[in-house]
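Here is final.cif, consisting of mmCIF, C-alpha atoms:
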data_query
loop_
_atom_site.label_atom_id
_atom_site.label_comp_id
_atom_site.auth_asym_id
_atom_site.auth_seq_id
_atom_site.Cartn_x
_atom_site.Cartn_y
_atom_site.Cartn_z
CA MET A 5 0.00 0.00 0.00
CA PRO A 6 1.45 3.41 -0.98
CA SER A 7 2.37 5.83 1.78
CA ASP A 8 0.38 9.04 2.23
CA VAL A 9 3.70 10.87 2.27
CA PRO A 10 4.68 11.78 -1.30
CA GLY A 11 7.81 10.07 -2.56
CA GLY A 12 11.01 11.91 -1.85
CA GLU A 13 9.78 13.81 1.20
CA GLU A 14 11.29 11.25 3.55
CA ASP A 15 14.75 12.42 2.47
CA GLY A 16 13.84 16.10 2.58
CA LEU A 17 13.32 16.65 -1.15
CA ILE A 18 10.06 17.41 -2.89
CA SER A 19 9.36 17.75 -6.59
CA GLN A 20 8.59 21.05 -8.24
CA THR A 21 7.22 20.60 -11.76
CA LEU A 22 6.85 23.31 -14.39
CA ILE A 23 4.72 22.89 -17.51
CA ARG A 24 5.57 25.10 -20.49
CA ALA A 25 3.56 25.54 -23.67
CA LEU A 26 5.96 25.38 -26.62
CA PRO A 27 5.52 27.42 -29.82
CA ASP A 28 4.52 24.28 -31.78
CA GLY A 29 1.58 23.71 -29.39
CA THR A 30 3.14 20.81 -27.48
CA MET A 31 3.90 20.87 -23.77
CA SER A 32 7.17 20.29 -21.98
CA GLN A 33 7.42 19.06 -18.39
CA GLU A 34 10.45 19.91 -16.26
CA THR A 35 10.86 18.61 -12.72
CA THR A 36 13.44 19.77 -10.20
CA PHE A 37 13.81 18.82 -6.55
CA ILE A 38 13.92 21.34 -3.73
CA THR A 39 13.93 21.05 0.05
CA ARG A 40 10.90 21.89 2.16
CA SER A 41 12.83 24.89 3.54
CA GLU A 42 13.41 26.18 -0.02
CA GLN A 43 9.69 25.76 -0.71
CA ARG A 44 8.82 27.66 2.50
CA ALA A 45 11.21 30.44 1.45
CA GLN A 46 9.44 30.70 -1.93
CA LEU A 47 6.05 30.87 -0.20
CA GLU A 48 7.23 33.49 2.29
CA ALA A 49 8.80 35.62 -0.45
CA ARG A 50 5.65 35.44 -2.57
CA GLU A 51 3.48 36.31 0.43
CA ALA A 52 5.67 39.33 1.22
CA LEU A 53 5.42 40.58 -2.37
CA PHE A 54 1.64 40.19 -2.46
CA ARG A 55 1.29 42.00 0.89
CA HIS A 56 3.13 44.94 -0.63
CA GLN A 57 1.65 44.66 -4.12
CA GLY A 58 0.01 48.06 -3.88
CA GLY A 59 3.40 49.52 -3.01
CA GLY A 60 4.95 49.28 -6.47
CA VAL A 61 5.59 45.55 -6.91
CA THR A 62 6.12 44.96 -10.62
CA GLN A 63 5.47 41.90 -12.75
CA GLN A 64 9.26 41.51 -13.02
CA ASP A 65 9.42 41.29 -9.22
CA LEU A 66 6.92 38.44 -9.31
CA ASP A 67 8.71 36.66 -12.15
CA ASP A 68 12.02 36.81 -10.30
CA LEU A 69 10.57 35.34 -7.11
CA ALA A 70 11.31 31.65 -7.68
CA ILE A 71 14.49 30.40 -6.04
CA ASP A 72 15.11 27.68 -8.63
CA GLY A 73 14.27 29.90 -11.61
CA GLY A 74 11.35 27.64 -12.60
CA CYS A 75 8.15 28.48 -10.74
CA ALA A 76 7.63 32.20 -11.26
CA GLY A 77 5.55 34.20 -8.81
CA SER A 78 3.11 34.94 -11.63
CA SER A 79 2.34 31.22 -12.14
CA LEU A 80 -0.38 29.05 -10.62
CA TRP A 81 1.18 26.87 -7.91
CA LEU A 82 -0.63 23.58 -7.19
CA PHE A 83 0.29 21.34 -4.22
CA ASP A 84 -0.56 17.71 -3.41
CA GLN A 85 -0.90 18.41 0.32
CA ALA A 86 -3.00 20.91 2.28
CA ALA A 87 -1.51 24.21 3.49
CA ARG A 88 0.60 24.66 0.32
CA GLN A 89 2.95 21.78 1.08
CA GLY A 90 4.13 18.67 -0.72
CA ASN A 91 4.94 18.20 -4.37
CA GLN A 92 4.32 21.31 -6.44
CA LEU A 93 3.14 21.88 -10.02
CA CYS A 94 3.60 25.32 -11.58
CA LEU A 95 1.44 26.41 -14.52
CA TYR A 96 1.16 29.60 -16.51
CA LYS A 97 -1.00 30.70 -19.39
CA GLN A 98 0.80 31.43 -22.63
CA ALA A 99 1.06 35.18 -23.31
CA GLY A 100 -1.52 36.34 -25.82
CA ALA A 101 -3.86 33.40 -25.29
CA PRO A 102 -7.15 34.50 -23.67
CA GLN A 103 -7.40 31.19 -21.80
CA GLY A 104 -5.46 28.00 -21.15
CA TRP A 105 -6.50 24.44 -20.26
CA LEU A 106 -4.43 21.51 -19.01
CA ASN A 107 -5.48 17.90 -18.43
CA LEU A 108 -3.81 17.16 -15.09
CA GLY A 109 -3.90 13.45 -15.94
CA THR A 110 -1.16 14.07 -18.51
CA VAL A 111 1.34 15.37 -15.94
CA ILE A 112 3.40 12.96 -13.83
CA ARG A 113 3.39 13.85 -10.12
CA ARG A 114 5.52 11.07 -8.64
CA TRP A 115 6.47 7.40 -8.67
CA ASP A 116 4.97 5.33 -5.82
CA GLY A 117 7.27 2.35 -6.30
CA THR A 118 4.97 0.45 -8.66
CA ARG A 119 3.46 3.09 -10.98
CA PHE A 120 3.53 6.72 -11.99
CA LEU A 121 0.90 8.90 -10.31
CA THR A 122 -0.44 11.97 -12.11
CA TRP A 123 -1.82 15.28 -10.87
CA SER A 124 -5.39 14.25 -11.73
CA GLY A 125 -7.35 14.29 -8.48
CA ALA A 126 -4.21 15.11 -6.47
CA VAL A 127 -4.46 18.87 -5.85
CA ARG A 128 -5.09 19.62 -2.17
CA SER A 129 -4.09 23.31 -2.02
CA LEU A 130 -2.98 26.09 -4.37
CA TRP A 131 -1.73 29.62 -4.74
CA SER A 132 -2.85 31.32 -7.92
CA GLY A 133 -0.67 33.73 -9.83
CA VAL A 134 -1.71 36.66 -11.99
CA HIS A 135 -4.56 34.79 -13.73
CA PRO A 136 -7.84 33.66 -12.17
CA GLY A 137 -9.19 30.23 -13.08
CA SER A 138 -10.55 26.98 -11.77
CA LEU A 139 -9.92 23.31 -11.23
CA GLN A 140 -12.67 21.25 -12.84
CA TYR A 141 -13.89 17.73 -13.45
CA CYS A 142 -13.98 17.04 -17.19
CA THR A 143 -14.44 14.08 -19.53
CA ALA A 144 -13.22 13.96 -23.14
CA THR A 145 -16.30 15.91 -24.28
CA LEU A 146 -17.68 17.82 -21.28
CA CYS A 147 -16.66 19.78 -18.19
CA TYR A 148 -19.14 19.53 -15.34
CA THR A 149 -20.42 22.39 -13.18
CA SER A 150 -19.73 20.30 -10.08
CA PRO A 151 -17.27 19.60 -8.60
CA TYR A 152 -15.05 22.59 -9.31
CA GLN A 153 -12.83 25.00 -7.41
CA ASN A 154 -12.67 28.60 -8.65
CA PHE A 155 -9.90 30.96 -7.61
CA ASN A 156 -9.10 34.63 -8.12
CA ALA A 157 -5.74 36.04 -9.14
CA ASN A 158 -3.11 35.95 -6.36
CA GLN A 159 -5.33 33.83 -4.10
CA PRO A 160 -3.90 31.25 -1.68
CA LEU A 161 -6.19 28.29 -0.86
CA ASP A 162 -4.88 26.09 1.94
CA THR A 163 -7.59 23.47 1.38
CA ILE A 164 -9.43 22.56 -1.81
CA THR A 165 -13.07 22.41 -0.75
CA ALA A 166 -14.53 20.72 -3.82
CA SER A 167 -14.28 16.95 -4.31
CA ALA A 168 -10.53 17.19 -4.83
CA SER A 169 -10.15 13.56 -5.89
CA LYS A 170 -12.24 14.28 -9.01
CA LEU A 171 -10.63 17.54 -10.17
CA ASN A 172 -8.67 16.65 -13.30
CA TRP A 173 -8.38 19.85 -15.40
CA ALA A 174 -6.81 23.25 -14.69
CA TYR A 175 -8.14 26.37 -16.41
CA LEU A 176 -6.65 29.89 -16.45
CA TYR A 177 -8.05 32.97 -18.20
CA ASP A 178 -7.48 36.69 -18.70
CA PRO A 179 -9.68 38.70 -16.32
#
Represent the structure from my file as structure tokens, please.
Amino acid sequence: MPSDVPGGEEDGLISQTLIRALPDGTMSQETTFITRSEQRAQLEAREALFRHQGGGVTQQDLDDLAIDGGCAGSSLWLFDQAARQGNQLCLYKQAGAPQGWLNLGTVIRRWDGTRFLTWSGAVRSLWSGVHPGSLQYCTATLCYTSPYQNFNANQPLDTITASASKLNWAYLYDP
């Protein structure tokens, strides 16, 4: 039986995954490993910037926030544990596109020793970036009105209140 603790956390490392939309329309997935203290430092730095956002924080400030150069402060940060902890997936909407969708079942979250686990149904908390959006339950032809979890721009959610185990698509849009 798999542990409730995501792989890698026992040794102090957690995965941080960035999805990029490439010019040809395909996606690339890059995963790096950071310590929990590095993740806390990213969260604290982002929180400090958002607290002072009215005081002249620029988009460049947000983009430079990430310690590892991968998960920019303007991106949507998804976590597989409550309270913005655990493995982390960073998403951003391609510039110029009015909206962006991602099937979370296409993104590998971790290896449990017998199989690869994806991000589908795994999001337990988040911190949105500059774009509002939602997590939704979708099939190949339809997205349902329930369950879903909407979020505003720059909004931390320490617990996903919808049926998190069913949420399998991420959606971002221009406000």
Residues near segment 132-134 of chain A, cut-off 7 Å, all atoms listed in the file, skip fewer than 6 positions along chain, as a PDB file with C-alpha atoms, keeping the file's coordinate frame:
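Below is the file result_4.pdb, written as the result:
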ATOM      1  CA  GLY A  77       5.550  34.200  -8.810  1.00  0.00           C
ATOM      2  CA  SER A  78       3.110  34.940 -11.630  1.00  0.00           C
ATOM      3  CA  SER A  79       2.340  31.220 -12.140  1.00  0.00           C
ATOM      4  CA  LEU A  80      -0.380  29.050 -10.620  1.00  0.00           C
ATOM      5  CA  TRP A  81       1.180  26.870  -7.910  1.00  0.00           C
ATOM      6  CA  ALA A 157      -5.740  36.040  -9.140  1.00  0.00           C
ATOM      7  CA  ASN A 158      -3.110  35.950  -6.360  1.00  0.00           C
ATOM      8  CA  GLN A 159      -5.330  33.830  -4.100  1.00  0.00           C
ATOM      9  CA  PRO A 160      -3.900  31.250  -1.680  1.00  0.00           C
TER      10      PRO A 160
END
Residues within 8 Å of (-6.6, 24.9, -18.3), file coords, all atoms listed in the file, listed as a ChimeraX atom specification:
/A:103-107,137-139,173-176
So which residues get picked by the PyMOL selection byres ((chain A and resi 38) around 10) here, written as a PDB file with C-alpha atoms, in the coordinates of the input?
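The resulting file, expr-v2.pdb, is shown below:
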ATOM      1  CA  GLU A  13       9.780  13.810   1.200  1.00  0.00           C
ATOM      2  CA  GLY A  16      13.840  16.100   2.580  1.00  0.00           C
ATOM      3  CA  LEU A  17      13.320  16.650  -1.150  1.00  0.00           C
ATOM      4  CA  ILE A  18      10.060  17.410  -2.890  1.00  0.00           C
ATOM      5  CA  SER A  19       9.360  17.750  -6.590  1.00  0.00           C
ATOM      6  CA  GLN A  20       8.590  21.050  -8.240  1.00  0.00           C
ATOM      7  CA  THR A  35      10.860  18.610 -12.720  1.00  0.00           C
ATOM      8  CA  THR A  36      13.440  19.770 -10.200  1.00  0.00           C
ATOM      9  CA  PHE A  37      13.810  18.820  -6.550  1.00  0.00           C
ATOM     10  CA  THR A  39      13.930  21.050   0.050  1.00  0.00           C
ATOM     11  CA  ARG A  40      10.900  21.890   2.160  1.00  0.00           C
ATOM     12  CA  SER A  41      12.830  24.890   3.540  1.00  0.00           C
ATOM     13  CA  GLU A  42      13.410  26.180  -0.020  1.00  0.00           C
ATOM     14  CA  GLN A  43       9.690  25.760  -0.710  1.00  0.00           C
ATOM     15  CA  ILE A  71      14.490  30.400  -6.040  1.00  0.00           C
ATOM     16  CA  ASP A  72      15.110  27.680  -8.630  1.00  0.00           C
ATOM     17  CA  ASN A  91       4.940  18.200  -4.370  1.00  0.00           C
ATOM     18  CA  GLN A  92       4.320  21.310  -6.440  1.00  0.00           C
TER      19      GLN A  92
END
Can you work out the spacing between atom CA of Thr163 of chain A and atom CA of Pro151 of chain A in Å, to one decimal?
14.4 Å
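Atom CA of Ala168 of chain A lies 14.4 Å from atom CA of Arg88 of chain A.
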With the file shown as input, list the residues that the PyMOL selection byres ((chain A and resi 165) around 12) selects, as a PyMOL selection string.
chain A and resi 86+127-130+139+150-155+161-164+166-171
Between A:Ala76, A:Cys142, A:Leu47, A:Ala87, which has the minimum distance to Gly109 of chain A (counting all atoms listed in the file)?
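So, comparing all the options, the nearest one is A:Cys142.
The two atoms in question, atom CA of Phe83 of chain A and atom CA of Ala126 of chain A, are spaced 8.0 Å apart.
Residues matched by the PyMOL selection byres ((chain A and resi 178) around 6) in this file are Pro102, Tyr177 and Pro179 of chain A.
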Take every atom of segment 145-163 of chain A listed in the file, pad by 8 Å on each side, and give me the axis-aligned box centre and edge lengths in Å, one decimal, as lines of an AutoDock Vina configuration file.
center_x = -11.8
center_y = 26.0
center_z = -11.2
size_x = 33.3
size_y = 36.1
size_z = 42.2
Can you put all heavy atoms back into segment 27-38 of chain A and show it as an mmCIF file, in the frame of the given file?
data_model
loop_
_atom_site.group_PDB
_atom_site.id
_atom_site.type_symbol
_atom_site.label_atom_id
_atom_site.label_comp_id
_atom_site.auth_asym_id
_atom_site.auth_seq_id
_atom_site.Cartn_x
_atom_site.Cartn_y
_atom_site.Cartn_z
ATOM 1 N N PRO A 27 6.096 26.743 -28.655
ATOM 2 C CA PRO A 27 5.520 27.420 -29.820
ATOM 3 C C PRO A 27 4.787 26.495 -30.793
ATOM 4 O O PRO A 27 3.846 26.917 -31.453
ATOM 5 C CB PRO A 27 6.755 28.051 -30.500
ATOM 6 C CG PRO A 27 7.758 28.206 -29.411
ATOM 7 C CD PRO A 27 7.517 27.049 -28.479
ATOM 8 N N ASP A 28 5.189 25.210 -30.851
ATOM 9 C CA ASP A 28 4.520 24.280 -31.780
ATOM 10 C C ASP A 28 3.234 23.699 -31.205
ATOM 11 O O ASP A 28 2.599 22.839 -31.811
ATOM 12 C CB ASP A 28 5.470 23.165 -32.200
ATOM 13 C CG ASP A 28 5.871 22.241 -31.059
ATOM 14 O OD1 ASP A 28 5.403 22.454 -29.917
ATOM 15 O OD2 ASP A 28 6.647 21.305 -31.306
ATOM 16 N N GLY A 29 2.824 24.170 -29.997
ATOM 17 C CA GLY A 29 1.580 23.710 -29.390
ATOM 18 C C GLY A 29 1.743 22.532 -28.447
ATOM 19 O O GLY A 29 0.807 22.165 -27.747
ATOM 20 N N THR A 30 2.916 21.916 -28.403
ATOM 21 C CA THR A 30 3.140 20.810 -27.480
ATOM 22 C C THR A 30 3.516 21.365 -26.105
ATOM 23 O O THR A 30 3.781 22.556 -25.949
ATOM 24 C CB THR A 30 4.266 19.875 -27.991
ATOM 25 O OG1 THR A 30 5.483 20.629 -28.091
ATOM 26 C CG2 THR A 30 3.903 19.280 -29.345
ATOM 27 N N MET A 31 3.546 20.485 -25.126
ATOM 28 C CA MET A 31 3.900 20.870 -23.770
ATOM 29 C C MET A 31 5.211 20.211 -23.365
ATOM 30 O O MET A 31 5.481 19.088 -23.783
ATOM 31 C CB MET A 31 2.817 20.428 -22.780
ATOM 32 C CG MET A 31 1.457 20.988 -23.048
ATOM 33 S SD MET A 31 1.409 22.685 -22.545
ATOM 34 C CE MET A 31 -0.322 22.886 -22.272
ATOM 35 N N SER A 32 5.987 20.916 -22.556
ATOM 36 C CA SER A 32 7.170 20.290 -21.980
ATOM 37 C C SER A 32 6.992 20.263 -20.469
ATOM 38 O O SER A 32 6.375 21.161 -19.887
ATOM 39 C CB SER A 32 8.447 21.050 -22.345
ATOM 40 O OG SER A 32 8.548 22.253 -21.622
ATOM 41 N N GLN A 33 7.506 19.219 -19.844
ATOM 42 C CA GLN A 33 7.420 19.060 -18.390
ATOM 43 C C GLN A 33 8.827 18.984 -17.847
ATOM 44 O O GLN A 33 9.616 18.153 -18.270
ATOM 45 C CB GLN A 33 6.641 17.788 -18.051
ATOM 46 C CG GLN A 33 6.568 17.515 -16.571
ATOM 47 C CD GLN A 33 5.688 16.322 -16.225
ATOM 48 O OE1 GLN A 33 4.755 16.000 -16.930
ATOM 49 N NE2 GLN A 33 5.997 15.669 -15.115
ATOM 50 N N GLU A 34 9.139 19.889 -16.898
ATOM 51 C CA GLU A 34 10.450 19.910 -16.260
ATOM 52 C C GLU A 34 10.253 19.754 -14.762
ATOM 53 O O GLU A 34 9.466 20.481 -14.168
ATOM 54 C CB GLU A 34 11.168 21.218 -16.543
ATOM 55 C CG GLU A 34 11.376 21.499 -18.019
ATOM 56 C CD GLU A 34 11.804 22.939 -18.272
ATOM 57 O OE1 GLU A 34 12.412 23.556 -17.371
ATOM 58 O OE2 GLU A 34 11.512 23.430 -19.360
ATOM 59 N N THR A 35 10.967 18.831 -14.158
ATOM 60 C CA THR A 35 10.860 18.610 -12.720
ATOM 61 C C THR A 35 12.219 18.799 -12.079
ATOM 62 O O THR A 35 13.214 18.256 -12.546
ATOM 63 C CB THR A 35 10.322 17.198 -12.417
ATOM 64 O OG1 THR A 35 9.037 17.061 -13.024
ATOM 65 C CG2 THR A 35 10.195 16.959 -10.925
ATOM 66 N N THR A 36 12.237 19.603 -11.014
ATOM 67 C CA THR A 36 13.440 19.770 -10.200
ATOM 68 C C THR A 36 13.066 19.360 -8.779
ATOM 69 O O THR A 36 11.886 19.204 -8.455
ATOM 70 C CB THR A 36 13.938 21.228 -10.202
ATOM 71 O OG1 THR A 36 12.903 22.076 -9.719
ATOM 72 C CG2 THR A 36 14.353 21.664 -11.597
ATOM 73 N N PHE A 37 14.057 19.202 -7.940
ATOM 74 C CA PHE A 37 13.810 18.820 -6.550
ATOM 75 C C PHE A 37 14.367 19.906 -5.647
ATOM 76 O O PHE A 37 15.493 20.366 -5.836
ATOM 77 C CB PHE A 37 14.435 17.466 -6.243
ATOM 78 C CG PHE A 37 13.759 16.356 -6.994
ATOM 79 C CD1 PHE A 37 14.210 15.975 -8.253
ATOM 80 C CD2 PHE A 37 12.631 15.733 -6.475
ATOM 81 C CE1 PHE A 37 13.562 14.979 -8.972
ATOM 82 C CE2 PHE A 37 11.978 14.743 -7.185
ATOM 83 C CZ PHE A 37 12.442 14.369 -8.434
ATOM 84 N N ILE A 38 13.531 20.319 -4.690
ATOM 85 C CA ILE A 38 13.920 21.340 -3.730
ATOM 86 C C ILE A 38 13.623 20.809 -2.330
ATOM 87 O O ILE A 38 12.871 19.846 -2.170
ATOM 88 C CB ILE A 38 13.184 22.675 -3.972
ATOM 89 C CG1 ILE A 38 11.667 22.505 -3.832
ATOM 90 C CG2 ILE A 38 13.548 23.259 -5.327
ATOM 91 C CD1 ILE A 38 10.878 23.812 -3.891
#
